[in-house]
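Text of final.cif, listed as mmCIF, N, CA and C atoms:
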```cif
data_start
loop_
_atom_site.group_PDB
_atom_site.id
_atom_site.type_symbol
_atom_site.label_atom_id
_atom_site.label_comp_id
_atom_site.auth_asym_id
_atom_site.auth_seq_id
_atom_site.Cartn_x
_atom_site.Cartn_y
_atom_site.Cartn_z
ATOM 1 N N MET A 1 0.814 -1.192 0.000
ATOM 2 C CA MET A 1 0.000 0.000 0.000
ATOM 3 C C MET A 1 0.855 1.253 0.000
ATOM 4 N N ASN A 2 1.952 1.216 0.686
ATOM 5 C CA ASN A 2 2.844 2.353 0.746
ATOM 6 C C ASN A 2 3.392 2.674 -0.639
ATOM 7 N N ASN A 3 3.630 1.628 -1.439
ATOM 8 C CA ASN A 3 4.163 1.801 -2.770
ATOM 9 C C ASN A 3 3.154 2.512 -3.679
ATOM 10 N N SER A 4 1.876 2.184 -3.578
ATOM 11 C CA SER A 4 0.857 2.808 -4.431
ATOM 12 C C SER A 4 0.644 4.276 -4.061
ATOM 13 N N VAL A 5 0.786 4.620 -2.786
ATOM 14 C CA VAL A 5 0.662 6.025 -2.370
ATOM 15 C C VAL A 5 1.813 6.835 -2.945
ATOM 16 N N LYS A 6 3.030 6.274 -2.939
ATOM 17 C CA LYS A 6 4.189 6.961 -3.508
ATOM 18 C C LYS A 6 4.010 7.162 -5.011
ATOM 19 N N ASN A 7 3.526 6.108 -5.681
ATOM 20 C CA ASN A 7 3.310 6.214 -7.133
ATOM 21 C C ASN A 7 2.255 7.260 -7.459
ATOM 22 N N THR A 8 1.200 7.286 -6.685
ATOM 23 C CA THR A 8 0.145 8.286 -6.904
ATOM 24 C C THR A 8 0.691 9.687 -6.678
ATOM 25 N N GLY A 9 1.473 9.857 -5.620
ATOM 26 C CA GLY A 9 2.078 11.164 -5.343
ATOM 27 C C GLY A 9 3.011 11.601 -6.454
ATOM 28 N N ARG A 10 3.802 10.661 -6.975
ATOM 29 C CA ARG A 10 4.714 10.988 -8.090
ATOM 30 C C ARG A 10 3.932 11.367 -9.343
ATOM 31 N N LEU A 11 2.842 10.643 -9.613
ATOM 32 C CA LEU A 11 2.025 10.966 -10.791
ATOM 33 C C LEU A 11 1.355 12.337 -10.650
ATOM 34 N N LEU A 12 0.843 12.629 -9.458
ATOM 35 C CA LEU A 12 0.237 13.941 -9.237
ATOM 36 C C LEU A 12 1.268 15.059 -9.371
ATOM 37 N N GLY A 13 2.459 14.836 -8.830
ATOM 38 C CA GLY A 13 3.531 15.833 -8.957
ATOM 39 C C GLY A 13 3.926 16.055 -10.402
ATOM 40 N N ALA A 14 4.046 14.971 -11.166
ATOM 41 C CA ALA A 14 4.397 15.085 -12.584
ATOM 42 C C ALA A 14 3.290 15.803 -13.359
ATOM 43 N N GLY A 15 2.056 15.501 -13.028
ATOM 44 C CA GLY A 15 0.933 16.162 -13.696
ATOM 45 C C GLY A 15 0.897 17.655 -13.408
ATOM 46 N N LEU A 16 1.140 18.027 -12.157
ATOM 47 C CA LEU A 16 1.159 19.455 -11.807
ATOM 48 C C LEU A 16 2.320 20.181 -12.476
ATOM 49 N N ARG A 17 3.492 19.538 -12.524
ATOM 50 C CA ARG A 17 4.635 20.156 -13.211
ATOM 51 C C ARG A 17 4.328 20.336 -14.698
ATOM 52 N N ALA A 18 3.731 19.321 -15.311
ATOM 53 C CA ALA A 18 3.368 19.431 -16.730
ATOM 54 C C ALA A 18 2.355 20.545 -16.944
ATOM 55 N N LEU A 19 1.388 20.666 -16.041
ATOM 56 C CA LEU A 19 0.391 21.731 -16.140
ATOM 57 C C LEU A 19 1.053 23.107 -16.061
ATOM 58 N N LEU A 20 1.971 23.287 -15.126
ATOM 59 C CA LEU A 20 2.647 24.574 -14.977
ATOM 60 C C LEU A 20 3.519 24.902 -16.184
ATOM 61 N N VAL A 21 4.259 23.913 -16.673
ATOM 62 C CA VAL A 21 5.132 24.149 -17.827
ATOM 63 C C VAL A 21 4.308 24.465 -19.068
ATOM 64 N N LEU A 22 3.263 23.698 -19.337
ATOM 65 C CA LEU A 22 2.436 23.941 -20.521
ATOM 66 C C LEU A 22 1.675 25.255 -20.420
ATOM 67 N N THR A 23 1.250 25.623 -19.209
ATOM 68 C CA THR A 23 0.593 26.920 -19.033
ATOM 69 C C THR A 23 1.563 28.047 -19.344
ATOM 70 N N LEU A 24 2.781 27.922 -18.878
ATOM 71 C CA LEU A 24 3.795 28.936 -19.143
ATOM 72 C C LEU A 24 4.111 29.031 -20.632
ATOM 73 N N VAL A 25 4.317 27.882 -21.269
ATOM 74 C CA VAL A 25 4.698 27.876 -22.683
ATOM 75 C C VAL A 25 3.524 28.298 -23.572
ATOM 76 N N CYS A 26 2.364 27.645 -23.410
ATOM 77 C CA CYS A 26 1.231 27.884 -24.308
ATOM 78 C C CYS A 26 0.415 29.113 -23.945
ATOM 79 N N GLY A 27 0.454 29.527 -22.697
ATOM 80 C CA GLY A 27 -0.377 30.645 -22.276
ATOM 81 C C GLY A 27 0.343 31.966 -22.161
ATOM 82 N N ILE A 28 1.687 31.940 -22.066
ATOM 83 C CA ILE A 28 2.421 33.191 -21.886
ATOM 84 C C ILE A 28 3.497 33.373 -22.958
ATOM 85 N N ILE A 29 4.412 32.418 -23.066
ATOM 86 C CA ILE A 29 5.552 32.587 -23.968
ATOM 87 C C ILE A 29 5.120 32.620 -25.434
ATOM 88 N N TYR A 30 4.307 31.648 -25.873
ATOM 89 C CA TYR A 30 3.894 31.593 -27.280
ATOM 90 C C TYR A 30 3.072 32.820 -27.691
ATOM 91 N N PRO A 31 2.038 33.230 -26.932
ATOM 92 C CA PRO A 31 1.299 34.429 -27.345
ATOM 93 C C PRO A 31 2.175 35.684 -27.393
ATOM 94 N N LEU A 32 3.099 35.834 -26.454
ATOM 95 C CA LEU A 32 3.997 36.997 -26.490
ATOM 96 C C LEU A 32 4.912 36.952 -27.707
ATOM 97 N N ALA A 33 5.402 35.759 -28.054
ATOM 98 C CA ALA A 33 6.267 35.620 -29.230
ATOM 99 C C ALA A 33 5.508 35.949 -30.516
ATOM 100 N N VAL A 34 4.294 35.425 -30.660
ATOM 101 C CA VAL A 34 3.500 35.691 -31.867
ATOM 102 C C VAL A 34 3.149 37.177 -31.962
ATOM 103 N N THR A 35 2.778 37.788 -30.848
ATOM 104 C CA THR A 35 2.469 39.213 -30.846
ATOM 105 C C THR A 35 3.699 40.036 -31.201
ATOM 106 N N GLY A 36 4.851 39.662 -30.661
ATOM 107 C CA GLY A 36 6.089 40.378 -30.972
ATOM 108 C C GLY A 36 6.461 40.289 -32.433
ATOM 109 N N VAL A 37 6.341 39.104 -33.020
ATOM 110 C CA VAL A 37 6.647 38.931 -34.440
ATOM 111 C C VAL A 37 5.669 39.735 -35.287
ATOM 112 N N ALA A 38 4.394 39.693 -34.955
ATOM 113 C CA ALA A 38 3.394 40.444 -35.719
ATOM 114 C C ALA A 38 3.652 41.944 -35.640
ATOM 115 N N GLN A 39 3.986 42.447 -34.457
ATOM 116 C CA GLN A 39 4.259 43.876 -34.305
ATOM 117 C C GLN A 39 5.526 44.277 -35.061
ATOM 118 N N ALA A 40 6.522 43.391 -35.075
ATOM 119 C CA ALA A 40 7.783 43.721 -35.739
ATOM 120 C C ALA A 40 7.659 43.675 -37.260
ATOM 121 N N LEU A 41 6.999 42.653 -37.782
ATOM 122 C CA LEU A 41 6.940 42.474 -39.234
ATOM 123 C C LEU A 41 5.765 43.182 -39.898
ATOM 124 N N PHE A 42 4.633 43.266 -39.221
ATOM 125 C CA PHE A 42 3.419 43.831 -39.817
ATOM 126 C C PHE A 42 2.835 44.907 -38.909
ATOM 127 N N HIS A 43 3.634 45.890 -38.551
ATOM 128 C CA HIS A 43 3.203 46.883 -37.564
ATOM 129 C C HIS A 43 1.931 47.619 -37.992
ATOM 130 N N ASN A 44 1.821 47.945 -39.277
ATOM 131 C CA ASN A 44 0.644 48.704 -39.727
ATOM 132 C C ASN A 44 -0.623 47.861 -39.765
ATOM 133 N N LYS A 45 -0.506 46.534 -39.789
ATOM 134 C CA LYS A 45 -1.689 45.671 -39.831
ATOM 135 C C LYS A 45 -1.961 44.942 -38.521
ATOM 136 N N ALA A 46 -0.977 44.860 -37.653
ATOM 137 C CA ALA A 46 -1.105 44.047 -36.444
ATOM 138 C C ALA A 46 -2.123 44.612 -35.460
ATOM 139 N N ASN A 47 -2.344 45.894 -35.466
ATOM 140 C CA ASN A 47 -3.269 46.513 -34.525
ATOM 141 C C ASN A 47 -4.666 46.697 -35.099
ATOM 142 N N GLY A 48 -4.897 46.224 -36.295
ATOM 143 C CA GLY A 48 -6.208 46.364 -36.903
ATOM 144 C C GLY A 48 -6.296 47.622 -37.741
ATOM 145 N N SER A 49 -7.494 47.973 -38.125
ATOM 146 C CA SER A 49 -7.725 49.131 -38.993
ATOM 147 C C SER A 49 -8.257 50.285 -38.154
ATOM 148 N N GLU A 50 -7.414 50.783 -37.275
ATOM 149 C CA GLU A 50 -7.837 51.809 -36.323
ATOM 150 C C GLU A 50 -8.054 53.154 -37.006
ATOM 151 N N ILE A 51 -9.087 53.853 -36.552
ATOM 152 C CA ILE A 51 -9.320 55.236 -36.954
ATOM 153 C C ILE A 51 -9.015 56.077 -35.730
ATOM 154 N N LYS A 52 -8.105 57.039 -35.894
ATOM 155 C CA LYS A 52 -7.705 57.870 -34.766
ATOM 156 C C LYS A 52 -8.167 59.306 -34.973
ATOM 157 N N ALA A 53 -8.604 59.911 -33.889
ATOM 158 C CA ALA A 53 -8.973 61.328 -33.889
ATOM 159 C C ALA A 53 -8.405 61.945 -32.622
ATOM 160 N N ASP A 54 -7.643 62.992 -32.770
ATOM 161 C CA ASP A 54 -6.992 63.661 -31.644
ATOM 162 C C ASP A 54 -6.104 62.701 -30.860
ATOM 163 N N GLY A 55 -5.426 61.793 -31.553
ATOM 164 C CA GLY A 55 -4.526 60.849 -30.912
ATOM 165 C C GLY A 55 -5.212 59.722 -30.161
ATOM 166 N N LYS A 56 -6.518 59.609 -30.288
ATOM 167 C CA LYS A 56 -7.295 58.588 -29.595
ATOM 168 C C LYS A 56 -7.961 57.676 -30.614
ATOM 169 N N VAL A 57 -7.984 56.377 -30.348
ATOM 170 C CA VAL A 57 -8.654 55.444 -31.252
ATOM 171 C C VAL A 57 -10.158 55.594 -31.070
ATOM 172 N N VAL A 58 -10.856 55.873 -32.187
ATOM 173 C CA VAL A 58 -12.304 56.093 -32.117
ATOM 174 C C VAL A 58 -13.100 55.023 -32.859
ATOM 175 N N GLY A 59 -12.423 54.131 -33.569
ATOM 176 C CA GLY A 59 -13.167 53.095 -34.281
ATOM 177 C C GLY A 59 -12.276 52.302 -35.210
ATOM 178 N N SER A 60 -12.913 51.558 -36.081
ATOM 179 C CA SER A 60 -12.222 50.720 -37.053
ATOM 180 C C SER A 60 -12.782 51.018 -38.432
ATOM 181 N N SER A 61 -11.905 51.057 -39.425
ATOM 182 C CA SER A 61 -12.372 51.355 -40.780
ATOM 183 C C SER A 61 -13.072 50.152 -41.412
ATOM 184 N N LEU A 62 -12.881 48.959 -40.865
ATOM 185 C CA LEU A 62 -13.517 47.777 -41.440
ATOM 186 C C LEU A 62 -14.872 47.470 -40.811
ATOM 187 N N ILE A 63 -15.115 47.945 -39.603
ATOM 188 C CA ILE A 63 -16.403 47.708 -38.951
ATOM 189 C C ILE A 63 -17.324 48.868 -39.304
ATOM 190 N N GLY A 64 -18.454 48.555 -39.853
ATOM 191 C CA GLY A 64 -19.413 49.597 -40.218
ATOM 192 C C GLY A 64 -19.084 50.285 -41.525
ATOM 193 N N GLN A 65 -18.336 49.619 -42.399
ATOM 194 C CA GLN A 65 -18.010 50.256 -43.672
ATOM 195 C C GLN A 65 -19.239 50.300 -44.568
ATOM 196 N N ARG A 66 -19.261 51.274 -45.443
ATOM 197 C CA ARG A 66 -20.405 51.456 -46.335
ATOM 198 C C ARG A 66 -20.212 50.672 -47.623
ATOM 199 N N TYR A 67 -21.316 50.226 -48.178
ATOM 200 C CA TYR A 67 -21.322 49.589 -49.489
ATOM 201 C C TYR A 67 -22.177 50.456 -50.392
ATOM 202 N N ASP A 68 -21.520 51.158 -51.304
ATOM 203 C CA ASP A 68 -22.215 52.094 -52.188
ATOM 204 C C ASP A 68 -22.251 51.558 -53.613
ATOM 205 N N LEU A 69 -23.288 51.978 -54.334
ATOM 206 C CA LEU A 69 -23.386 51.674 -55.755
ATOM 207 C C LEU A 69 -22.397 52.550 -56.511
ATOM 208 N N PRO A 70 -21.946 52.118 -57.684
ATOM 209 C CA PRO A 70 -21.049 52.971 -58.478
ATOM 210 C C PRO A 70 -21.758 54.274 -58.856
ATOM 211 N N LEU A 71 -20.979 55.330 -58.983
ATOM 212 C CA LEU A 71 -21.543 56.633 -59.353
ATOM 213 C C LEU A 71 -22.098 56.582 -60.766
ATOM 214 N N LYS A 72 -23.282 57.196 -60.954
ATOM 215 C CA LYS A 72 -23.868 57.320 -62.291
ATOM 216 C C LYS A 72 -23.428 58.659 -62.867
ATOM 217 N N LYS A 73 -23.627 58.851 -64.166
ATOM 218 C CA LYS A 73 -23.231 60.097 -64.810
ATOM 219 C C LYS A 73 -23.962 61.282 -64.185
ATOM 220 N N GLY A 74 -23.203 62.296 -63.815
ATOM 221 C CA GLY A 74 -23.772 63.498 -63.241
ATOM 222 C C GLY A 74 -24.073 63.401 -61.752
ATOM 223 N N GLN A 75 -23.813 62.279 -61.159
ATOM 224 C CA GLN A 75 -24.096 62.075 -59.738
ATOM 225 C C GLN A 75 -22.859 62.447 -58.920
ATOM 226 N N GLU A 76 -23.070 63.199 -57.843
ATOM 227 C CA GLU A 76 -21.940 63.625 -57.012
ATOM 228 C C GLU A 76 -21.662 62.673 -55.857
ATOM 229 N N THR A 77 -22.710 62.136 -55.255
ATOM 230 C CA THR A 77 -22.527 61.212 -54.131
ATOM 231 C C THR A 77 -23.146 59.870 -54.481
ATOM 232 N N ALA A 78 -22.512 58.836 -54.005
ATOM 233 C CA ALA A 78 -22.979 57.486 -54.311
ATOM 234 C C ALA A 78 -24.174 57.119 -53.442
ATOM 235 N N GLU A 79 -25.062 56.293 -54.001
ATOM 236 C CA GLU A 79 -26.210 55.794 -53.241
ATOM 237 C C GLU A 79 -25.813 54.482 -52.567
ATOM 238 N N PRO A 80 -26.360 54.214 -51.372
ATOM 239 C CA PRO A 80 -26.021 52.954 -50.704
ATOM 240 C C PRO A 80 -26.606 51.759 -51.454
ATOM 241 N N ASP A 81 -25.886 50.673 -51.464
ATOM 242 C CA ASP A 81 -26.340 49.434 -52.082
ATOM 243 C C ASP A 81 -27.193 48.703 -51.052
ATOM 244 N N LEU A 82 -28.505 48.671 -51.256
ATOM 245 C CA LEU A 82 -29.434 48.168 -50.250
ATOM 246 C C LEU A 82 -29.468 46.649 -50.139
ATOM 247 N N LYS A 83 -28.760 45.939 -51.019
ATOM 248 C CA LYS A 83 -28.729 44.488 -50.858
ATOM 249 C C LYS A 83 -27.764 44.084 -49.741
ATOM 250 N N TRP A 84 -26.945 45.010 -49.255
ATOM 251 C CA TRP A 84 -26.027 44.764 -48.157
ATOM 252 C C TRP A 84 -26.515 45.465 -46.910
ATOM 253 N N PHE A 85 -26.158 44.941 -45.768
ATOM 254 C CA PHE A 85 -26.482 45.569 -44.491
ATOM 255 C C PHE A 85 -25.857 46.954 -44.433
ATOM 256 N N GLN A 86 -26.641 47.944 -44.072
ATOM 257 C CA GLN A 86 -26.136 49.304 -43.959
ATOM 258 C C GLN A 86 -25.945 49.660 -42.486
ATOM 259 N N PRO A 87 -24.787 50.170 -42.122
ATOM 260 C CA PRO A 87 -24.533 50.514 -40.721
ATOM 261 C C PRO A 87 -25.321 51.739 -40.311
ATOM 262 N N ARG A 88 -25.445 51.904 -38.992
ATOM 263 C CA ARG A 88 -26.108 53.110 -38.510
ATOM 264 C C ARG A 88 -25.187 54.302 -38.731
ATOM 265 N N PRO A 89 -25.734 55.466 -38.956
ATOM 266 C CA PRO A 89 -24.899 56.645 -39.155
ATOM 267 C C PRO A 89 -24.162 57.007 -37.868
ATOM 268 N N SER A 90 -22.931 57.422 -38.006
ATOM 269 C CA SER A 90 -22.164 57.896 -36.869
ATOM 270 C C SER A 90 -21.153 58.911 -37.371
ATOM 271 N N ASN A 91 -20.441 59.507 -36.473
ATOM 272 C CA ASN A 91 -19.491 60.556 -36.862
ATOM 273 C C ASN A 91 -18.399 60.032 -37.780
ATOM 274 N N GLY A 92 -17.971 58.799 -37.614
ATOM 275 C CA GLY A 92 -16.876 58.263 -38.395
ATOM 276 C C GLY A 92 -17.272 57.834 -39.793
ATOM 277 N N LEU A 93 -18.563 57.667 -40.080
ATOM 278 C CA LEU A 93 -18.984 57.119 -41.361
ATOM 279 C C LEU A 93 -19.519 58.180 -42.344
ATOM 280 N N GLY A 94 -19.648 59.406 -41.899
ATOM 281 C CA GLY A 94 -20.192 60.421 -42.779
ATOM 282 C C GLY A 94 -21.715 60.345 -42.795
ATOM 283 N N THR A 95 -22.322 60.822 -43.871
ATOM 284 C CA THR A 95 -23.780 60.846 -43.969
ATOM 285 C C THR A 95 -24.274 59.609 -44.698
ATOM 286 N N ASN A 96 -25.509 59.264 -44.407
ATOM 287 C CA ASN A 96 -26.141 58.129 -45.040
ATOM 288 C C ASN A 96 -27.545 58.581 -45.419
ATOM 289 N N SER A 97 -27.844 58.577 -46.706
ATOM 290 C CA SER A 97 -29.126 59.116 -47.169
ATOM 291 C C SER A 97 -30.301 58.188 -46.849
ATOM 292 N N VAL A 98 -30.034 56.928 -46.541
ATOM 293 C CA VAL A 98 -31.112 55.999 -46.246
ATOM 294 C C VAL A 98 -31.570 56.164 -44.805
ATOM 295 N N ASN A 99 -30.648 56.193 -43.874
ATOM 296 C CA ASN A 99 -30.964 56.296 -42.449
ATOM 297 C C ASN A 99 -30.648 57.710 -41.953
ATOM 298 N N THR A 100 -31.513 58.636 -42.263
ATOM 299 C CA THR A 100 -31.237 60.016 -41.835
ATOM 300 C C THR A 100 -31.894 60.316 -40.513
#
```
Take the structure in this file and express it as structure tokens.
Amino acid sequence: MNNSVKNTGRLLGAGLRALLVLTLVCGIIYPLAVTGVAQALFHNKANGSEIKADGKVVGSSLIGQRYDLPLKKGQETAEPDLKWFQPRPSNGLGTNSVNT
């Protein structure tokens, strides 16, 4: 019986050590390495498509983008393409003739 308690203790210790090592490697070291490589090689894309105003991030150029129809002859502003979801109007998107 003493032998099985020792074996169980050794297995639990090995399992806890494996948990700590894998948590460190997969949860801290790998994400930091991937983030560092992305920031170093793709700095302009790694942070997303940020829109900044007065040095502050106010939104993303990809979220809430407009889908407009091509301009017709003599037309100054494009009409929204209603087959696509149209975002709500906000300061970053300009005017929207459909949702005024």
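With atom CA of Lys83 of chain A on one side and atom CA of Ser49 of chain A on the other, the separation reads 24.6 Å.
Between atom CA of Leu69 of chain A and atom N of Asp81 of chain A lies a distance of 5.1 Å.
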*Based on DSSP run over this structure's backbone, return all residues of chain A in alpha helix (DSSP H), as a PyMOL selection string.*
chain A and resi 2-24+30-41+43-46
*Give as a count of residues only the set of residues within 6 Å of the point (-13.2, 53.5, -39.5), where distances use the file's coordinates and all atoms listed in the file.*
8
